[in-house]
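One file, data.pdb, is given below (PDB, C-alpha atoms).
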```pdb
ATOM      1  CA  MET A   1     -32.802-121.527 156.833
ATOM      2  CA  THR A   2     -32.464-121.074 153.082
ATOM      3  CA  GLU A   3     -35.407-119.855 151.052
ATOM      4  CA  THR A   4     -35.558-119.044 147.362
ATOM      5  CA  VAL A   5     -37.797-116.148 146.334
ATOM      6  CA  LEU A   6     -38.837-116.131 142.686
ATOM      7  CA  ALA A   7     -40.713-113.206 141.132
ATOM      8  CA  ARG A   8     -40.884-111.204 137.922
ATOM      9  CA  GLY A   9     -40.155-107.483 137.691
ATOM     10  CA  PRO A  10     -39.917-104.679 137.117
ATOM     11  CA  PHE A  11     -39.356-103.940 140.785
ATOM     12  CA  THR A  12     -39.126-100.732 142.776
ATOM     13  CA  VAL A  13     -36.578 -99.930 145.461
ATOM     14  CA  ASP A  14     -39.392 -99.702 148.041
ATOM     15  CA  GLY A  15     -40.708-103.108 146.974
ATOM     16  CA  GLU A  16     -37.243-104.641 147.202
ATOM     17  CA  LEU A  17     -36.664-103.088 150.635
ATOM     18  CA  ASP A  18     -39.965-104.525 151.845
ATOM     19  CA  LEU A  19     -39.124-107.970 150.436
ATOM     20  CA  MET A  20     -35.652-107.977 151.997
ATOM     21  CA  ARG A  21     -36.973-106.887 155.369
ATOM     22  CA  THR A  22     -39.948-109.284 155.332
ATOM     23  CA  HIS A  23     -37.779-112.274 154.462
ATOM     24  CA  ARG A  24     -34.889-111.106 156.670
ATOM     25  CA  ILE A  25     -32.478-111.262 153.761
ATOM     26  CA  ASP A  26     -28.879-111.163 154.991
ATOM     27  CA  VAL A  27     -27.081-111.541 151.638
ATOM     28  CA  LEU A  28     -28.201-110.846 148.080
ATOM     29  CA  VAL A  29     -27.137-113.264 145.339
ATOM     30  CA  THR A  30     -28.028-112.079 141.846
ATOM     31  CA  LYS A  31     -27.035-112.766 138.268
ATOM     32  CA  ASP A  32     -25.295-110.176 136.138
ATOM     33  CA  SER A  33     -28.179-109.597 133.759
ATOM     34  CA  GLY A  34     -26.376-106.835 131.931
ATOM     35  CA  GLY A  35     -29.206-104.335 132.209
ATOM     36  CA  PRO A  36     -31.088-102.068 134.585
ATOM     37  CA  ALA A  37     -33.341-104.876 135.897
ATOM     38  CA  THR A  38     -31.191-105.426 138.983
ATOM     39  CA  ALA A  39     -30.788-101.750 139.914
ATOM     40  CA  ALA A  40     -33.624-101.636 142.475
ATOM     41  CA  LYS A  41     -32.420-104.695 144.389
ATOM     42  CA  LEU A  42     -28.822-103.476 144.396
ATOM     43  CA  THR A  43     -29.919-100.079 145.700
ATOM     44  CA  ALA A  44     -32.061-101.722 148.386
ATOM     45  CA  ALA A  45     -29.242-104.046 149.457
ATOM     46  CA  ARG A  46     -26.829-101.113 149.630
ATOM     47  CA  SER A  47     -29.203 -99.073 151.788
ATOM     48  CA  LEU A  48     -29.592-102.057 154.167
ATOM     49  CA  GLY A  49     -25.847-102.653 154.264
ATOM     50  CA  LEU A  50     -26.174-106.165 152.864
ATOM     51  CA  PRO A  51     -23.344-108.006 151.142
ATOM     52  CA  VAL A  52     -23.992-108.667 147.442
ATOM     53  CA  VAL A  53     -22.733-111.586 145.352
ATOM     54  CA  VAL A  54     -23.018-111.055 141.590
ATOM     55  CA  VAL A  55     -22.784-114.172 139.431
ATOM     56  CA  ARG A  56     -21.326-113.313 136.046
ATOM     57  CA  ARG A  57     -22.268-115.024 132.820
ATOM     58  CA  PRO A  58     -19.745-117.562 131.581
ATOM     59  CA  PRO A  59     -17.976-116.686 128.352
ATOM     60  CA  GLY A  60     -19.689-117.873 125.199
ATOM     61  CA  PRO A  61     -18.267-120.707 123.128
ATOM     62  CA  ALA A  62     -15.295-119.801 120.934
ATOM     63  CA  GLY A  63     -16.224-118.912 117.375
ATOM     64  CA  VAL A  64     -19.912-118.312 118.091
ATOM     65  CA  PRO A  65     -21.028-114.775 117.267
ATOM     66  CA  ALA A  66     -22.737-112.873 120.070
ATOM     67  CA  ALA A  67     -24.418-109.502 120.399
ATOM     68  CA  GLU A  68     -25.017-107.174 123.344
ATOM     69  CA  ASP A  69     -28.319-105.692 122.202
ATOM     70  CA  VAL A  70     -31.105-105.834 119.601
ATOM     71  CA  PRO A  71     -29.276-103.722 116.994
ATOM     72  CA  GLY A  72     -26.281-106.040 117.350
ATOM     73  CA  VAL A  73     -28.476-109.111 116.852
ATOM     74  CA  LEU A  74     -30.056-107.559 113.771
ATOM     75  CA  ALA A  75     -26.608-106.846 112.354
ATOM     76  CA  LEU A  76     -25.546-110.460 112.959
ATOM     77  CA  LEU A  77     -28.692-111.717 111.238
ATOM     78  CA  SER A  78     -28.166-109.399 108.279
ATOM     79  CA  ARG A  79     -24.590-110.645 107.846
ATOM     80  CA  ALA A  80     -25.689-114.271 108.128
ATOM     81  CA  ALA A  81     -28.454-113.744 105.564
ATOM     82  CA  ALA A  82     -26.028-112.001 103.175
ATOM     83  CA  ASP A  83     -23.573-114.904 103.497
ATOM     84  CA  ARG A  84     -26.306-117.447 102.681
ATOM     85  CA  CYS A  85     -28.192-115.501 100.012
ATOM     86  CA  PRO A  86     -25.714-113.585  97.841
TER      87      PRO A  86
END
```
If you took the structure in this file and wrote it as structure tokens, what would it be?
Amino acid sequence: MTETVLARGPFTVDGELDLMRTHRIDVLVTKDSGGPATAAKLTAARSLGLPVVVVRRPPGPAGVPAAEDVPGVLALLSRAAADRCP
């Protein structure tokens, strides 16, 4: 049987262990969120010996600026504003 579990974090390792045991999780599928938000579930899956599938983000469109963090976004906005308002 397939069941989708949706919830919002932050989550603890103990909470993730309980969830995985309660729902008899046998494989973890998670997105590559690029931050620490998935750490607890990865640790729990590792301690239970579960296989993990990480879905990576697709590459962004060519020529579209992107940033990895808030300072990077602010820098992009500053450059865009300077280009529009000399």
(request) Tell me which residues the PyMOL selection byres ((chain A and resi 41-49) around 10) grabs here, as a PyMOL selection string. (result) chain A and resi 11-21+25-30+37-40+50-52+54
(request) Take CA of Arg84 in chain A and CA of Gly63 in chain A and report the distance between them in Å, one decimal. (result)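 Computing the Euclidean distance for CA of Arg84 in chain A and CA of Gly63 in chain A yields 17.9 Å.
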(message) So, with all atoms listed in the file as the atoms that count, which of A:Arg24, A:Val55, A:Thr2, A:Pro65 lies closest to Ala80 in chain A?
(response) A:Pro65
(request) Take CA of Gly60 in chain A and CA of Arg8 in chain A and report the distance between them in Å, one decimal. (result)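 We find that CA of Gly60 in chain A and CA of Arg8 in chain A lie 25.6 Å from each other.
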(request) Give me, please, the distance in Å between CA of His23 in chain A and CA of Pro58 in chain A, quoted to one decimal. (result) 29.6 Å
Let me have the centre and edge lengths in Å, one decimal, of the box along x, y and z around every listed atom of range 67-82 of chain A with 3 Å of margin on each side, as JSON.
```
{"center_x": -27.8, "center_y": -109.0, "center_z": 113.3, "size_x": 12.7, "size_y": 16.5, "size_z": 26.2}
```
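By chain and then residue number, the residues within 9 Å of Arg57 in chain A are Lys31, Asp32 and Ser33 of chain A, counting only C-alpha atoms and disregarding those fewer than 6 positions away in sequence.
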